[in-house]
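Scroll down for the structure; my scribbles are underneath it.
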Amino acid sequence: MLIWVFISSGLFLGWKLGANSAANIFGTAVGARMIKFKIAAIIASVFIVLGAVFQGYGAADTLSQLGSIDALGAAFTVSLCSALVIIIMTRNKLSVSTSQAIVGAIIGWCYFTSKHIDYLILTKIVSSWISAPLLGGLFSALLFLMLRKFHLKSKIHLIKQEALTRIALIITGAFGAYSLGANNIANVMGVFINAVSFTIKLGSVTFQSTQVLFFLGSLAIALGIITYGKKAMENIKGEFINLTPESAIVVVLSQAIVLFLFSSSTVSKNLINLGLPTIPLVPVSSTQVLAGSVIGIGLAKGLQEVKLKIVGNILIGWILTPIFSGFLTFFSLFFVNSIFGVAITHKVPIVTNNLSSNAILFNISLEYSPLTFLFFLSIVLIFCTWVFFTYKKSKAKLQENERRWAEQLHFSEFQKALNDIEVNTIHLENDTLATQLEERKKELITYSLNIGQQRELLDSICKSIEKAVNVKNSDEKNLILTNELIRIKQKKSFTTEAEKIYQNAEQAHTEFLSRLLSKYPNLTNQEKRLLVLLRIGLSTKEIAPVLNISTKSVEIGRHRLRKKINLNKDENLIQFVKSM
Amino acid sequence: MLFAKANKSIELIDTFLNCIDQSLFLFKEGVKNYLYNNTENFNNNLLSLANAEIESDKLRKEIERALFTQSLMPQMRGDIMRLLEEMDNIIDQAKKSLFQFDVETPHIPPELIPDFERLTQISVSAAESAMPAAKAYFTEPINVNEKLHRVYFYEKETDVLADIIRRKIFREMPDLKLSEKFHLRYFTLHIENISDIAEKVADLLSIMAIKRIE
């Protein structure tokens, strides 16, 4: 049980590495939507595990030569301090490398335990921090120029080229993941190699502790990619690794080559055989190699493309990370050793399991007091709690953002609906106005026709009178004049026009009429007409010609109406009619 | 098998470009037939052009669907769709102009017929020159700009000739009614529009090629 508590810091470091490095391998491909995140995560996870298990020893061996941490408590502290430094520096938006953090922490441990530091190894490691990005830049510049030449000369159709780019992105991504696993597993589990030793037997196959540790460490990296990689990949927009897919192939490939070279013992042996200087097998920062590769492309395109800010940021990371990590480890070890009495230098005795096929046996627990166990357990618990709350916080933030988006969407939909209503209202108003305009036009036409008819009538009367004047026979003259008089009297009654006026008034007050009839069903037609005309505001003098009666008759009609509807003397008939 | 979908999309794009090329030829022939009163041939050209326009719209939609459903070229598809849209505008304009000949039947004086024929030829040449450039964008972007200079050349020539025709109409033909002059002026503009759209396509292609070479 205790061993899992101790290596949890290494697993956490692996998770963090996976979360940060995912974007370096598949960031552009996923960001540009050329590969789905799920596919990218699966490929990266599988190849990281393969790289770590099959090729992770070289770099891890160099790291253990720098400082052979032989106590689990110390390994736990070193790993934890490195993880803390990474978190703090990432939070402060500083360039940080897991390799530099772990090297700084190992040196801190060496100083604390007064162990001898192999400066030759240290020089090798530090020089790799410079040479790795330089090599990355060199490879990427060369690869970029070659790819561009190929692009310009080949006549592959854009769409086919895009399909090839996708395949190339997957292959280079897989190679990048393999190299990352091979090189960076040393950062995650390197410090535990000398602190723990056991074997696991699964049937006839026996697994050494290093293999198991590397496997677990690579699983932690894969977990980091799966759980946090998507966010990291989405966040690369606008960062220095926001490249075109073609440039991404070059950058990832050069990064993979560099990481492979710094972790492959086969390449190293071949170089020795050829009499060439060897490449040290040390863990290097994938982010810094990537930055070097991006700068390499920039140089290949032209100097103006190089972002000097990136170089400055890397330099700050180079200096700050190991120093900060070293100091933090030194003080943490002091705290752990002095207060809890945790052994930080002695080697843990090993008991190799040869009992059953699946059993693992450790005697580590014998070395530590229950207080120490509780201390480490509490640290692990605190970490787990911190990870849990960070996850919860980021999830809550994500949910909040989603809620805000939904609200905005809802608001915009609401606004759209409001606009639609406004538009509809305006349309309705326009329709009403158009109808009114049409009515006015019709009225105007009617008036014009009336004027025409009146003129025709007057012309006809004039002609008849002229005819009567010219006629000598008095009987005939009287007949013509009498006929014309009848015509004039008929026309004077304006029956048609009066009927029209009443019809218009009735149309406008249909509701009033229905209310009137329901309340006073015994009203005569003439009385109803009178009431409607009163309602539209006509005076007695105006009503008389419309109803073709005298003003006196109108007054009598009003008096009868008052009686019929039982109005008091102080009540006004017009007000009563209008209030109905 | 690996490139089956890619090959299908390539075929669609090539068919679309060929369709536009063919419609330009139909427009040129249509105007010529109108000018020389070959009514039957003109009507055939009109019908074929209308069909070509429908076909090009269909192809464009199919290409758009392929680009989106197969997530092709997410970074470039915006530009490509705009290019296809602009190219589709050429065929739309050609169809619109030829229909205007059919509907409005402008009276073209015999002395202007050779000028109108030449104007149509040059304007169509500008659009035709954009086709190889568009094809080159997909296969050899470095040669796009080299092919585009022909578009700009023909577009300028079209402008000059259209200007000459308009001057001739308004200054040297007093017998024509003002309404006829206006009518003829509009028809020079309709023909000229094809080269203007071709110029827009050329501008777009030029930027797109730079983006690809980078």
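Scheme for the structure tokens: letters A, B, ... for chains in order shown; per-chain residue numbers from 1; ligand numbers from 1 in order shown.
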Set the distance at 6 Å and use only C-alpha atoms: which residues neighbour Ala141 in chain A once local chain neighbours fewer than 5 positions away are removed? I'd like the list as an MDAnalysis selection string. chainID A and resid 296:297 300
Store the residues of this selection in a file with N, CA and C atoms, as a tab-separated table (two decimals), in the first residue's frame.
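So again.tsv came out as:
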chain	number	residue	atom	x	y	z
A	296	GLY	N	12.88	27.59	-35.89
A	296	GLY	CA	13.56	27.07	-37.09
A	296	GLY	C	12.75	27.34	-38.35
A	297	ILE	N	11.44	27.11	-38.27
A	297	ILE	CA	10.57	27.39	-39.42
A	297	ILE	C	10.56	28.88	-39.71
A	300	ALA	N	13.58	29.77	-41.50
A	300	ALA	CA	13.52	29.30	-42.90
A	300	ALA	C	12.64	30.21	-43.75
Residues within 12 Å of Asn183 in chain A, only C-alpha atoms, excluding chain neighbours under 5 positions, as an MDAnalysis selection string: chainID A and resid 17 48:63 98:99 176:178 188:190 214 218 255:265 280:286
Tell me as a PyMOL selection string which residues belonging to chain B come within 12 Å of chain A, counting only C-alpha atoms. chain B and resi 2-14+63+66-68+70-77+80+134-144+209+211-214
Need the shell around Asn18 in chain B: protein/DNA/RNA residues with any atom at most 12 Å away, counting only C-alpha atoms. Skip same-chain ones fewer than 4 positions apart. Format as an MDAnalysis selection string? chainID B and resid 11:14 22:25 52:53 55:56 59 87:88 91 128 130:132 134:135
Residues of range 100-125 of chain B that approach range 184-206 of chain B to 7 Å or less, counting only C-alpha atoms: could you list each one with the shortest pair of atoms and its distance in Å to one decimal, rows by chain and increasing residue number, as JSON lines?
{"residue": "B:Pro106", "atom": "CA", "partner": "B:Leu184", "partner_atom": "CA", "distance": 6.9}
{"residue": "B:Thr120", "atom": "CA", "partner": "B:Ile191", "partner_atom": "CA", "distance": 6.1}
{"residue": "B:Ser123", "atom": "CA", "partner": "B:Ser195", "partner_atom": "CA", "distance": 4.8}
{"residue": "B:Val124", "atom": "CA", "partner": "B:Ser195", "partner_atom": "CA", "distance": 6.6}
Between B:Ile210, B:Asn45, B:Val160, B:Leu26, which has the minimum distance to Asn145 in chain B (counting only C-alpha atoms)?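 Result for the nearest residue to Asn145 in chain B: B:Ile210.
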Range 116-314 of chain A: residues DSSP assigns to helix (DSSP H, G or I), reported as a PyMOL selection string: chain A and resi 119-153+158-192+209-234+245-261+265-273+286-301+303-305+308-314
Atomic distance CA of Asp459 in chain A - CA of Pro545 in chain A, expressed in Å with one decimal: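 Computing it gives 24.2 Å between the two atoms.
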Name the residues in contact with range 500-506 of chain A at a cut-off of 8 Å, using only C-alpha atoms, excluding same-chain residues fewer than 3 positions from it; report them as a ChimeraX atom specification. /A:496-497,509-510,513,529,532-533,536,546
